[in-house]
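J.: To be precise about what I am sending: the file is called start33.txt and holds compact mmCIF, C-alpha atoms and all ligand atoms.
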# COMPACT_ATOMS: atom_id res chain seq x y z
CA MET Y 255 17.05 43.14 34.43
CA THR Y 256 14.07 41.13 33.24
CA GLU Y 257 12.30 42.30 30.17
CA THR Y 258 8.60 41.68 29.74
CA LEU Y 259 7.86 40.45 26.28
CA ALA Y 260 4.65 41.84 24.85
CA VAL Y 261 2.45 38.98 23.65
CA PRO Y 262 1.42 39.85 20.11
CA GLY Y 263 -2.30 40.05 19.36
CA ALA Y 264 -4.04 37.60 17.03
CA ALA Y 265 -4.03 40.01 14.08
CA GLU Y 266 -0.26 40.48 14.41
CA LEU Y 267 0.33 36.71 14.67
CA ILE Y 268 -1.80 36.02 11.63
CA ARG Y 269 0.13 38.67 9.67
CA ALA Y 270 3.45 37.13 10.78
CA ALA Y 271 2.26 33.66 9.77
CA ALA Y 272 1.25 34.96 6.33
CA SER Y 273 4.69 36.55 5.88
CA HIS Y 274 6.77 33.55 6.94
CA LEU Y 275 4.68 30.43 6.40
CA VAL Y 276 2.78 29.15 3.37
CA PRO Y 277 0.35 31.91 2.36
CA GLY Y 278 -2.30 29.65 0.75
CA ILE Y 279 -2.54 27.75 4.03
CA THR Y 280 -2.37 30.77 6.33
CA ASP Y 281 -5.24 32.32 4.31
CA LEU Y 282 -7.32 29.25 5.09
CA HIS Y 283 -6.38 29.54 8.78
CA ARG Y 284 -7.41 33.21 8.81
CA LEU Y 285 -10.78 32.46 7.23
CA LEU Y 286 -11.63 29.38 9.31
CA GLY Y 287 -10.47 31.04 12.53
CA ALA Y 288 -12.36 34.23 11.66
CA GLY Y 289 -9.41 36.27 12.89
CA GLY Y 290 -8.74 34.10 15.94
CA THR Y 291 -5.80 31.82 16.66
CA GLU Y 292 -5.81 28.48 18.50
CA GLU Y 293 -5.69 29.01 22.26
CA SER Y 294 -6.57 25.76 24.00
CA ALA Y 295 -8.38 22.51 23.34
CA GLU Y 296 -10.06 19.69 25.18
CA GLY Y 297 -11.83 16.62 23.81
CA ALA Y 298 -13.80 17.57 20.69
CA GLU Y 299 -13.55 21.33 21.24
CA VAL Y 300 -10.98 23.98 20.37
CA ARG Y 301 -11.11 27.47 21.89
CA LEU Y 302 -9.83 30.43 19.89
CA SER Y 303 -8.32 33.73 20.98
CA ASN Y 304 -11.41 35.57 19.72
CA GLY Y 305 -13.67 33.74 22.16
CA ARG Y 306 -15.09 31.30 19.61
CA THR Y 307 -15.31 27.57 20.33
CA LEU Y 308 -15.07 25.16 17.41
CA LEU Y 309 -16.03 21.50 17.26
CA ASP Y 310 -13.03 19.68 15.81
CA PHE Y 311 -14.05 16.86 13.44
CA GLY Y 312 -10.96 17.42 11.29
CA SER Y 313 -7.35 17.56 12.51
CA TYR Y 314 -6.38 15.25 9.65
CA ALA Y 315 -7.45 12.16 11.60
CA VAL Y 316 -4.91 12.74 14.38
CA THR Y 317 -7.16 13.49 17.35
CA LEU Y 318 -8.99 10.15 17.45
CA PHE Y 319 -8.96 10.28 21.27
CA GLY Y 320 -9.78 13.99 21.33
CA HIS Y 321 -7.49 16.85 22.21
CA ARG Y 322 -5.30 16.40 25.27
CA PRO Y 323 -6.60 13.01 26.49
CA PRO Y 324 -5.61 13.19 30.20
CA GLU Y 325 -4.04 9.72 30.26
CA VAL Y 326 -1.73 10.64 27.36
CA VAL Y 327 -0.92 14.08 28.77
CA ASP Y 328 -0.02 12.49 32.14
CA ALA Y 329 2.23 9.90 30.47
CA VAL Y 330 4.02 12.64 28.51
CA HIS Y 331 4.43 14.71 31.69
CA ARG Y 332 6.09 11.72 33.36
CA ALA Y 333 8.43 11.37 30.37
CA LEU Y 334 9.25 15.09 30.50
CA ASP Y 335 10.02 14.80 34.21
CA THR Y 336 12.39 11.85 33.70
CA MET Y 337 14.05 11.48 30.29
CA PRO Y 338 12.16 12.66 27.21
CA THR Y 339 15.10 12.29 24.82
CA SER Y 340 17.20 9.17 24.39
CA THR Y 341 20.98 8.99 24.11
CA ARG Y 342 20.35 6.33 21.46
CA LEU Y 343 23.45 4.68 22.81
CA VAL Y 344 21.84 3.08 25.88
CA ALA Y 345 18.53 1.16 25.94
CA ASN Y 346 15.50 3.27 26.74
CA PRO Y 347 12.77 1.48 28.74
CA VAL Y 348 9.84 3.43 27.28
CA THR Y 349 10.89 2.77 23.69
CA ALA Y 350 11.40 -0.91 24.45
CA ALA Y 351 8.02 -1.12 26.21
CA LEU Y 352 6.23 0.40 23.22
CA ALA Y 353 7.98 -1.95 20.80
CA SER Y 354 6.93 -5.03 22.75
CA ARG Y 355 3.40 -3.68 23.08
CA LEU Y 356 3.16 -3.08 19.31
CA ALA Y 357 4.56 -6.55 18.63
CA GLY Y 358 1.48 -7.96 20.34
CA LEU Y 359 -1.05 -5.72 18.60
CA VAL Y 360 -1.57 -7.19 15.11
CA ALA Y 361 -0.86 -10.78 14.02
CA PRO Y 362 1.40 -11.28 17.08
CA GLU Y 363 2.69 -14.58 15.73
CA ARG Y 364 4.15 -12.85 12.63
CA LEU Y 365 4.56 -9.07 13.00
CA ARG Y 366 7.10 -8.98 15.80
CA ARG Y 367 9.67 -6.51 14.50
CA ILE Y 368 9.03 -2.79 14.88
CA TRP Y 369 10.46 0.29 13.23
CA LEU Y 370 9.44 3.57 14.87
CA GLY Y 371 9.11 6.98 13.24
CA LEU Y 372 7.33 10.25 13.85
CA THR Y 373 5.30 10.90 10.70
CA GLY Y 374 3.39 8.53 8.48
CA SER Y 375 5.83 9.15 5.64
CA ASP Y 376 8.68 8.04 7.93
CA VAL Y 377 7.37 4.49 8.13
CA VAL Y 378 6.32 4.39 4.48
CA GLU Y 379 9.92 5.24 3.55
CA ALA Y 380 11.24 2.61 5.97
CA VAL Y 381 9.20 -0.29 4.59
CA LEU Y 382 9.86 0.81 1.02
CA LYS Y 383 13.61 0.61 1.64
CA LEU Y 384 13.30 -2.69 3.51
CA SER Y 385 11.25 -4.26 0.69
CA ILE Y 386 13.74 -3.14 -1.93
CA ALA Y 387 16.75 -4.23 0.13
CA ALA Y 388 15.24 -7.62 0.93
CA THR Y 389 14.23 -8.47 -2.64
CA GLY Y 390 16.87 -6.64 -4.66
CA THR Y 391 14.04 -5.30 -6.86
CA THR Y 392 13.27 -1.59 -7.22
CA SER Y 393 9.79 -1.87 -8.76
CA VAL Y 394 6.78 -1.45 -6.46
CA LEU Y 395 2.99 -1.71 -6.85
CA ALA Y 396 0.42 0.66 -5.35
CA ALA Y 397 -3.27 1.31 -6.01
CA GLN Y 398 -5.05 3.88 -8.11
CA GLY Y 399 -6.26 6.66 -5.81
CA ALA Y 400 -3.58 5.84 -3.19
CA PHE Y 401 -2.15 8.39 -0.76
CA HIS Y 402 0.97 7.42 1.17
CA GLY Y 403 2.53 10.82 1.93
CA LYS Y 404 4.62 13.45 0.15
CA SER Y 405 8.27 12.75 1.00
CA MET Y 406 9.98 11.44 -2.15
CA GLY Y 407 9.55 7.69 -1.61
CA ALA Y 408 6.05 8.14 -0.23
CA LEU Y 409 5.14 10.51 -3.06
CA ALA Y 410 6.27 7.89 -5.55
CA LEU Y 411 3.56 5.65 -4.08
CA THR Y 412 0.92 8.40 -3.97
CA ALA Y 413 -1.27 8.40 -7.07
CA ASP Y 414 -2.06 12.13 -7.25
CA GLY Y 415 -0.83 13.25 -10.70
CA GLU Y 416 -0.81 16.95 -9.87
CA ARG Y 417 1.49 16.45 -6.86
CA ARG Y 418 3.78 13.98 -8.68
CA THR Y 419 4.32 15.81 -11.96
CA PRO Y 420 6.97 18.36 -10.83
CA PHE Y 421 9.08 15.52 -9.33
CA ALA Y 422 8.32 12.81 -11.87
CA GLY Y 423 11.96 12.28 -12.88
CA PHE Y 424 12.97 11.73 -9.25
CA LEU Y 425 10.28 9.19 -8.35
CA GLY Y 426 10.97 5.46 -8.55
CA ASP Y 427 9.33 2.69 -10.54
CA VAL Y 428 5.83 2.51 -9.09
CA ARG Y 429 2.86 1.14 -10.99
CA HIS Y 430 -0.59 2.28 -9.81
CA LEU Y 431 -3.02 -0.56 -10.34
CA PRO Y 432 -6.65 -0.30 -11.40
CA LEU Y 433 -8.92 -1.68 -8.68
CA GLU Y 434 -9.43 -4.99 -10.50
CA PRO Y 435 -8.96 -8.44 -8.92
CA ASP Y 436 -6.39 -9.64 -11.48
CA ALA Y 437 -4.34 -6.38 -11.53
CA VAL Y 438 -1.46 -7.73 -9.39
CA ARG Y 439 -1.33 -10.98 -11.34
CA ARG Y 440 -1.07 -9.03 -14.62
CA ALA Y 441 1.57 -6.65 -13.22
CA ALA Y 442 3.63 -9.63 -12.05
CA GLN Y 443 3.74 -10.93 -15.62
CA GLU Y 444 5.33 -7.65 -16.82
CA ARG Y 445 8.28 -7.55 -14.40
CA PRO Y 446 9.16 -8.49 -10.80
CA PHE Y 447 8.21 -6.14 -7.95
CA ALA Y 448 9.43 -5.78 -4.38
CA ALA Y 449 6.15 -4.96 -2.65
CA LEU Y 450 2.50 -4.17 -2.98
CA ILE Y 451 1.61 -1.22 -0.74
CA VAL Y 452 -2.06 -0.53 -0.19
CA GLU Y 453 -4.45 1.38 2.08
CA PRO Y 454 -7.32 -0.99 2.98
CA VAL Y 455 -9.46 2.16 3.25
CA GLN Y 456 -8.29 5.04 1.08
CA GLY Y 457 -8.34 8.05 3.38
CA GLU Y 458 -7.21 11.07 1.37
CA GLY Y 459 -8.81 9.29 -1.58
CA GLY Y 460 -12.24 9.99 -0.10
CA GLY Y 461 -12.83 7.37 2.59
CA ARG Y 462 -13.13 4.45 0.17
CA PRO Y 463 -12.84 0.92 1.55
CA LEU Y 464 -11.27 -1.42 -1.00
CA PRO Y 465 -13.29 -4.65 -1.34
CA PRO Y 466 -11.97 -7.33 1.08
CA ALA Y 467 -11.99 -9.95 -1.68
CA LEU Y 468 -9.82 -7.70 -3.86
CA LEU Y 469 -7.39 -7.06 -1.00
CA ARG Y 470 -7.07 -10.78 -0.29
CA GLN Y 471 -6.59 -11.61 -3.97
CA TRP Y 472 -3.94 -8.92 -4.44
CA ALA Y 473 -2.09 -10.04 -1.31
CA GLU Y 474 -2.15 -13.67 -2.39
CA ASP Y 475 -0.91 -12.83 -5.91
CA ALA Y 476 1.90 -10.64 -4.52
CA ARG Y 477 3.00 -13.30 -2.05
CA ARG Y 478 2.97 -15.99 -4.74
CA VAL Y 479 5.78 -14.17 -6.60
CA GLY Y 480 7.76 -13.49 -3.40
CA ALA Y 481 6.82 -9.80 -3.05
CA PHE Y 482 5.94 -8.18 0.28
CA VAL Y 483 2.44 -7.04 1.18
CA ILE Y 484 2.30 -3.75 3.10
CA ALA Y 485 -0.92 -2.42 4.63
CA ASP Y 486 -0.83 1.35 5.14
CA GLU Y 487 -3.26 1.89 8.02
CA ILE Y 488 -1.84 5.25 9.02
CA GLN Y 489 -5.26 6.81 8.59
CA CYS Y 490 -7.76 3.93 8.73
CA GLY Y 491 -6.21 1.83 11.49
CA LEU Y 492 -6.32 1.94 15.31
CA ARG Y 493 -10.14 1.66 15.27
CA ARG Y 494 -10.78 4.79 13.18
CA CYS Y 495 -12.57 2.53 10.68
CA GLY Y 496 -13.63 -0.19 13.15
CA PRO Y 497 -10.92 -2.77 13.83
CA VAL Y 498 -7.45 -2.06 15.21
CA SER Y 499 -6.12 -3.35 11.89
CA VAL Y 500 -8.41 -3.38 8.86
CA SER Y 501 -5.99 -5.56 6.87
CA GLU Y 502 -5.94 -8.16 9.64
CA SER Y 503 -9.73 -8.11 9.90
CA VAL Y 504 -10.14 -8.85 6.17
CA GLY Y 505 -7.45 -11.56 6.19
CA MET Y 506 -4.74 -9.90 4.06
CA ASP Y 507 -1.89 -11.42 6.11
CA ALA Y 508 0.34 -8.41 5.45
CA ASP Y 509 4.13 -8.48 5.95
CA ALA Y 510 3.88 -5.03 7.50
CA VAL Y 511 1.12 -2.90 8.98
CA LEU Y 512 1.77 0.84 9.28
CA PHE Y 513 0.25 3.07 11.94
CA GLY Y 514 0.65 6.82 12.53
CA LYS Y 515 -1.57 9.85 13.04
CA PRO Y 516 -3.42 8.99 16.34
CA LEU Y 517 -0.69 6.60 17.54
CA GLY Y 518 0.84 9.41 19.64
CA GLY Y 519 -2.55 9.97 21.30
CA GLY Y 520 -3.05 13.23 19.41
CA VAL Y 521 -0.40 14.77 21.67
CA LEU Y 522 2.97 13.89 20.10
CA PRO Y 523 3.99 12.65 16.65
CA LEU Y 524 4.56 8.90 16.44
CA SER Y 525 4.39 6.24 13.74
CA ALA Y 526 5.23 2.55 13.59
CA ALA Y 527 5.81 -0.19 11.05
CA LEU Y 528 4.93 -3.63 12.45
CA CYS Y 529 7.02 -5.99 10.32
CA SER Y 530 7.58 -9.68 9.68
CA GLU Y 531 11.03 -11.18 10.26
CA ARG Y 532 11.58 -11.60 6.51
CA LEU Y 533 10.86 -7.94 5.72
CA TYR Y 534 13.05 -6.79 8.62
CA ALA Y 535 15.98 -9.03 7.58
CA PRO Y 536 18.01 -6.20 5.95
CA LEU Y 537 18.08 -4.41 9.33
CA LEU Y 538 19.29 -7.58 11.04
CA ALA Y 539 22.15 -7.69 8.55
CA ASP Y 540 22.93 -3.94 8.71
CA PRO Y 541 21.52 -2.04 11.72
CA PHE Y 542 22.37 1.29 10.10
CA LEU Y 543 20.65 0.59 6.79
CA HIS Y 544 17.84 2.90 7.85
CA THR Y 545 18.02 5.20 10.88
CA SER Y 546 16.51 8.50 11.93
CA THR Y 547 17.55 10.77 14.81
CA PHE Y 548 14.16 10.78 16.53
CA SER Y 549 13.17 7.16 15.83
CA GLY Y 550 11.83 5.74 19.10
CA HIS Y 551 11.73 9.13 20.82
CA PRO Y 552 10.82 8.29 24.45
CA ALA Y 553 8.30 11.10 24.99
CA SER Y 554 6.42 10.06 21.84
CA CYS Y 555 6.64 6.41 22.88
CA ALA Y 556 5.18 7.28 26.29
CA ALA Y 557 2.27 8.95 24.49
CA GLY Y 558 1.93 5.86 22.28
CA LEU Y 559 1.72 3.46 25.23
CA ALA Y 560 -1.04 5.55 26.81
CA ALA Y 561 -2.87 5.84 23.47
CA LEU Y 562 -2.87 2.06 22.99
CA ASP Y 563 -4.57 1.70 26.41
CA LEU Y 564 -7.33 3.99 25.15
CA LEU Y 565 -8.14 1.68 22.23
CA ASP Y 566 -9.67 -0.81 24.62
CA ALA Y 567 -10.82 1.63 27.28
CA HIS Y 568 -13.12 3.30 24.73
CA LEU Y 569 -14.59 0.19 23.07
CA ASP Y 570 -18.19 1.12 23.93
CA ASP Y 571 -17.63 4.71 22.81
CA PHE Y 572 -16.28 3.57 19.43
CA ALA Y 573 -19.53 1.63 18.92
CA ARG Y 574 -21.75 4.49 20.17
CA VAL Y 575 -20.09 7.22 18.10
CA GLY Y 576 -19.89 5.00 14.99
CA ARG Y 577 -23.63 4.24 15.22
CA ARG Y 578 -24.69 7.86 15.68
CA LEU Y 579 -22.32 9.11 12.98
CA ALA Y 580 -23.73 6.57 10.50
CA GLU Y 581 -27.30 7.69 11.31
CA GLY Y 582 -26.36 11.36 11.04
CA VAL Y 583 -24.53 11.05 7.71
CA ALA Y 584 -27.30 8.91 6.19
CA LEU Y 585 -29.86 11.54 7.22
CA LEU Y 586 -27.79 14.39 5.74
CA ALA Y 587 -27.42 12.51 2.45
CA ALA Y 588 -31.18 11.83 2.34
CA GLN Y 589 -32.10 15.43 3.19
CA HIS Y 590 -29.71 17.11 0.74
CA PRO Y 591 -29.75 15.00 -2.42
CA GLY Y 592 -28.98 18.05 -4.59
CA VAL Y 593 -25.58 18.71 -3.01
CA VAL Y 594 -24.62 15.36 -1.49
CA ALA Y 595 -23.73 12.82 -4.18
CA GLU Y 596 -23.01 10.19 -1.52
CA GLY Y 597 -22.65 9.94 2.24
CA ARG Y 598 -20.73 7.00 3.73
CA THR Y 599 -19.28 6.02 7.08
CA LEU Y 600 -16.96 3.37 8.36
CA GLY Y 601 -16.55 3.44 12.12
CA LEU Y 602 -15.56 6.99 13.06
CA PHE Y 603 -14.75 7.94 9.48
CA GLY Y 604 -17.57 9.82 7.79
CA ALA Y 605 -17.35 11.07 4.22
CA LEU Y 606 -19.64 13.43 2.36
CA GLU Y 607 -19.07 13.37 -1.36
CA LEU Y 608 -20.49 16.63 -2.68
CA ALA Y 609 -21.74 17.45 -6.16
CA ASP Y 610 -18.52 19.22 -7.16
CA ARG Y 611 -15.33 20.84 -5.89
CA SER Y 612 -16.86 24.28 -5.36
CA CYS Y 613 -19.63 22.76 -3.19
CA SER Y 614 -17.08 21.08 -0.93
CA SER Y 615 -14.95 24.24 -0.57
CA LEU Y 616 -18.05 26.25 0.20
CA ALA Y 617 -19.25 23.65 2.74
CA LEU Y 618 -15.83 23.50 4.44
CA MET Y 619 -15.72 27.29 4.88
CA GLU Y 620 -19.37 27.59 5.88
CA ALA Y 621 -19.03 24.79 8.47
CA GLY Y 622 -15.97 26.55 9.94
CA ARG Y 623 -17.86 29.83 10.10
CA ARG Y 624 -20.64 28.08 11.98
CA GLY Y 625 -18.28 26.35 14.44
CA LEU Y 626 -17.39 22.97 12.92
CA LEU Y 627 -13.99 21.96 11.54
CA LEU Y 628 -13.95 19.19 8.93
CA ALA Y 629 -11.06 17.73 6.93
CA PRO Y 630 -10.84 18.18 3.17
CA CYS Y 631 -9.46 15.19 1.21
CA LEU Y 632 -6.02 15.82 -0.29
CA SER Y 633 -6.55 13.75 -3.42
CA GLU Y 634 -10.36 13.74 -3.75
CA PRO Y 635 -11.40 17.40 -3.46
CA THR Y 636 -15.15 16.77 -3.78
CA VAL Y 637 -15.13 14.80 -0.50
CA LEU Y 638 -15.22 16.21 3.03
CA ARG Y 639 -14.18 13.97 5.90
CA ILE Y 640 -16.14 14.03 9.14
CA LEU Y 641 -13.75 12.68 11.77
CA PRO Y 642 -15.18 12.91 15.28
CA PRO Y 643 -13.01 11.88 18.22
CA VAL Y 644 -14.16 8.86 20.19
CA VAL Y 645 -14.69 11.08 23.26
CA VAL Y 646 -17.28 13.25 21.48
CA THR Y 647 -20.50 13.59 23.49
CA ASP Y 648 -23.94 12.90 22.01
CA GLU Y 649 -24.75 16.60 22.36
CA GLN Y 650 -21.60 17.60 20.43
CA LEU Y 651 -22.31 15.05 17.71
CA ASP Y 652 -25.91 16.28 17.37
CA ARG Y 653 -24.64 19.86 17.27
CA ALA Y 654 -22.22 18.97 14.47
CA MET Y 655 -24.97 17.27 12.45
CA GLY Y 656 -27.22 20.32 12.99
CA ILE Y 657 -24.45 22.61 11.68
CA LEU Y 658 -23.93 20.36 8.67
CA ASP Y 659 -27.66 20.38 7.93
CA THR Y 660 -27.66 24.19 7.87
CA VAL Y 661 -24.41 24.29 5.86
CA LEU Y 662 -25.69 21.91 3.18
CA ALA Y 663 -28.98 23.83 2.88
CA SER Y 664 -27.00 27.04 2.44
CA VAL Y 665 -24.69 25.44 -0.17
CA ALA Y 666 -27.79 24.18 -2.04
CA ARG Y 667 -29.29 27.70 -2.08
CA ARG Y 668 -26.05 29.31 -3.20
CA THR Y 669 -25.36 26.81 -5.97
CA ALA Y 670 -28.98 27.06 -7.19
CA ALA Y 671 -28.51 30.84 -7.49
CA ARG Y 672 -25.36 30.45 -9.67
C1 LIG A 1 -2.74 6.46 4.47
C2 LIG A 1 -1.69 7.48 4.70
N1 LIG A 1 -0.41 7.14 4.58
C3 LIG A 1 0.59 8.01 4.78
C4 LIG A 1 0.32 9.33 5.13
C5 LIG A 1 1.45 10.29 5.35
O1 LIG A 1 1.49 10.65 6.68
P1 LIG A 1 2.26 11.99 7.13
O2 LIG A 1 1.52 13.14 6.53
O3 LIG A 1 2.18 11.94 8.63
O4 LIG A 1 3.64 11.88 6.61
C6 LIG A 1 -1.01 9.74 5.25
C7 LIG A 1 -1.33 11.13 5.58
O5 LIG A 1 -2.42 11.61 5.41
C8 LIG A 1 -2.04 8.80 5.02
O6 LIG A 1 -3.33 9.15 5.12
As structure tokens, how would this structure be written, given the file I've shared?
Ligand SMILES: Cc1ncc(COP(=O)(O)O)c(C=O)c1O
T.:
Amino acid sequence: MTETLAVPGAAELIRAAASHLVPGITDLHRLLGAGGTEESAEGAEVRLSNGRTLLDFGSYAVTLFGHRPPEVVDAVHRALDTMPTSTRLVANPVTAALASRLAGLVAPERLRRIWLGLTGSDVVEAVLKLSIAATGTTSVLAAQGAFHGKSMGALALTADGERRTPFAGFLGDVRHLPLEPDAVRRAAQERPFAALIVEPVQGEGGGRPLPPALLRQWAEDARRVGAFVIADEIQCGLRRCGPVSVSESVGMDADAVLFGKPLGGGVLPLSAALCSERLYAPLLADPFLHTSTFSGHPASCAAGLAALDLLDAHLDDFARVGRRLAEGVALLAAQHPGVVAEGRTLGLFGALELADRSCSSLALMEAGRRGLLLAPCLSEPTVLRILPPVVVTDEQLDRAMGILDTVLASVARRTAAR
């Protein structure tokens, strides 16, 4: 006998989520979805169960190629129809193909060894362990304002005091450097360190590019004492902020470049550390030094191969969207000087720094109510990220800027009335 399962309504699902998931987050979902749940998505738009359509300029920087890019979906379908999961005991052709493709992506003469993960934190943990194993030193340098994830090793590198405090005794020896050119040189005089790990553009830190001269100086000073230089481009890389690799474009000559977020084409989770031979040496000596069950998962790798094709296929769109986003954000900042402290863009990464934390919360909620999803910044709560996908149309981009104009005017009125 077949039983027909009743599909629960949105209200019931939202209640279930609030009971079993994290309430502070499910509350946000309920408010931004206005009682609807996610139903389907395509490109820059998400349709909800309550009939609303939202423009998605958020998704934590994952949907760089939009929702369900057909090329990625097709590649994943092919993987599902053949062999989506690997035995991990016999070579998988899709995993091998992605590794060789990534080995040609950034500094192909140096970064030829690949470690694959699913989340950004996966590859942060991997390079942290490799750096420590290769140097025999457990001290590491990171930057003030850095965000590298929230698993223990990654959290040790993340600068957010509030998130670190409960775990302080468990986190390793990480010094967070002031953004000053001689900071690495001074730190090196105190004690040896295994690696300098840095985001060339701080994403959760508010969309802040670190000065190229500072990045080059830090890298040179780290290399001089035999430490590794790791560029975390999990958020800023893969053309989100212009080049495929920001660290390569500014001449940092990193020993590893990390990618994640959009690497799986916004369809499946995938991350990668592109490493030099010297950094990878501990894995050559002991293949089981660092492993993970789903490392190199074929379905994710199939998505990754298709996503890498899109980097070049959309070159003109990256330029078009970047130009229009820059114009739009500059106009918003000029028109709303009372609430916008600063508007900045880098490629397809827009950031609106608002007057204070309550303005940014209000703007996030108001934008959602009016049909636009933005991303808050995890460690810089006054900043809202505007992260359009490269497939956004001019009409959708104009619509988003129109919504933001109305939202900022409303925030200005409401804060003036306080
Ligand atoms: C620069 C950077 N590194 C690492 C991470 C951690 O990635 P995940 O949340 O996928 O573990 C993030 C996530 O926002 C990030 O922006």
J.: Give the answer as one residue: which of Y:Gly287, Y:Pro362, Y:Pro643, Y:Gly558 has the shortest atom-to-atom distance to Gly576 of chain Y, using all atoms listed in the file?
T.: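 Under the stated criterion, the closest residue is Y:Pro643.
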J.: Using all atoms listed in the file, find each protein or nucleic acid residue lying at most 6 Å from ligand LIG 1 (chain A); present the set as a ChimeraX atom specification.
T.: /Y:373-375,401-403,453,457-458,486-489
J.: From the options Y:Leu616, Y:Ala397, Y:Met406, Y:Leu524, which residue's atoms come nearest to Ala557 of chain Y, counting all atoms listed in the file?
T.: Y:Leu524
J.: Please provide the set of residues having any atom within 9 Å of segment 292-295 of chain Y, restricted to only C-alpha atoms, with same-chain residues fewer than 4 positions apart removed, written as a ChimeraX atom specification.
T.: /Y:287,299-303,320-322
J.: Please, what distance in Å, to one decimal, runs between atom CA of Ala609 of chain Y and atom CA of Val593 of chain Y?
T.: 5.1 Å
J.: Which of these, Y:Leu662, Y:Asp376, Y:Arg611, Y:Leu411, has the shortest distance to Pro591 of chain Y once you count only C-alpha atoms?
T.: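 Counting only C-alpha atoms, the residue closest to Pro591 of chain Y is Y:Leu662.
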J.: Atom CA of Pro630 of chain Y and atom CA of Cys490 of chain Y, how far apart in Å?
T.: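 Interatomic distance here is 15.6 Å.
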J.: To one decimal place, how far is atom CA of Ser525 of chain Y from atom CA of Thr412 of chain Y in Å?
T.: 18.2 Å
J.: Can you complete the atoms of segment 597-610 of chain Y to N, CA and C atoms and list them as a compact mmCIF listing (two decimals), keeping the file's coordinate frame?
T.:
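Writing done, so here's out_22.txt:
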# COMPACT_ATOMS: atom_id res chain seq x y z
N GLY Y 597 -23.14 9.84 0.86
CA GLY Y 597 -22.65 9.94 2.24
C GLY Y 597 -22.28 8.53 2.67
N ARG Y 598 -21.11 8.35 3.28
CA ARG Y 598 -20.73 7.00 3.73
C ARG Y 598 -19.97 7.11 5.04
N THR Y 599 -20.05 6.06 5.82
CA THR Y 599 -19.28 6.02 7.08
C THR Y 599 -18.70 4.63 7.27
N LEU Y 600 -17.59 4.63 7.96
CA LEU Y 600 -16.96 3.37 8.36
C LEU Y 600 -16.38 3.66 9.74
N GLY Y 601 -17.00 3.11 10.77
CA GLY Y 601 -16.55 3.44 12.12
C GLY Y 601 -16.67 4.93 12.37
N LEU Y 602 -15.55 5.55 12.75
CA LEU Y 602 -15.56 6.99 13.06
C LEU Y 602 -15.03 7.81 11.88
N PHE Y 603 -15.17 7.25 10.69
CA PHE Y 603 -14.75 7.94 9.48
C PHE Y 603 -16.01 8.20 8.66
N GLY Y 604 -16.43 9.45 8.63
CA GLY Y 604 -17.57 9.82 7.79
C GLY Y 604 -17.08 10.56 6.57
N ALA Y 605 -17.74 10.36 5.44
CA ALA Y 605 -17.35 11.07 4.22
C ALA Y 605 -18.59 11.58 3.52
N LEU Y 606 -18.55 12.86 3.16
CA LEU Y 606 -19.64 13.43 2.36
C LEU Y 606 -19.06 13.77 1.01
N GLU Y 607 -19.53 13.07 0.00
CA GLU Y 607 -19.07 13.37 -1.36
C GLU Y 607 -20.06 14.38 -1.93
N LEU Y 608 -19.58 15.57 -2.23
CA LEU Y 608 -20.49 16.63 -2.68
C LEU Y 608 -20.52 16.69 -4.21
N ALA Y 609 -21.49 17.46 -4.71
CA ALA Y 609 -21.74 17.45 -6.16
C ALA Y 609 -20.50 17.86 -6.95
N ASP Y 610 -19.75 18.83 -6.47
CA ASP Y 610 -18.52 19.22 -7.16
C ASP Y 610 -17.57 19.90 -6.18
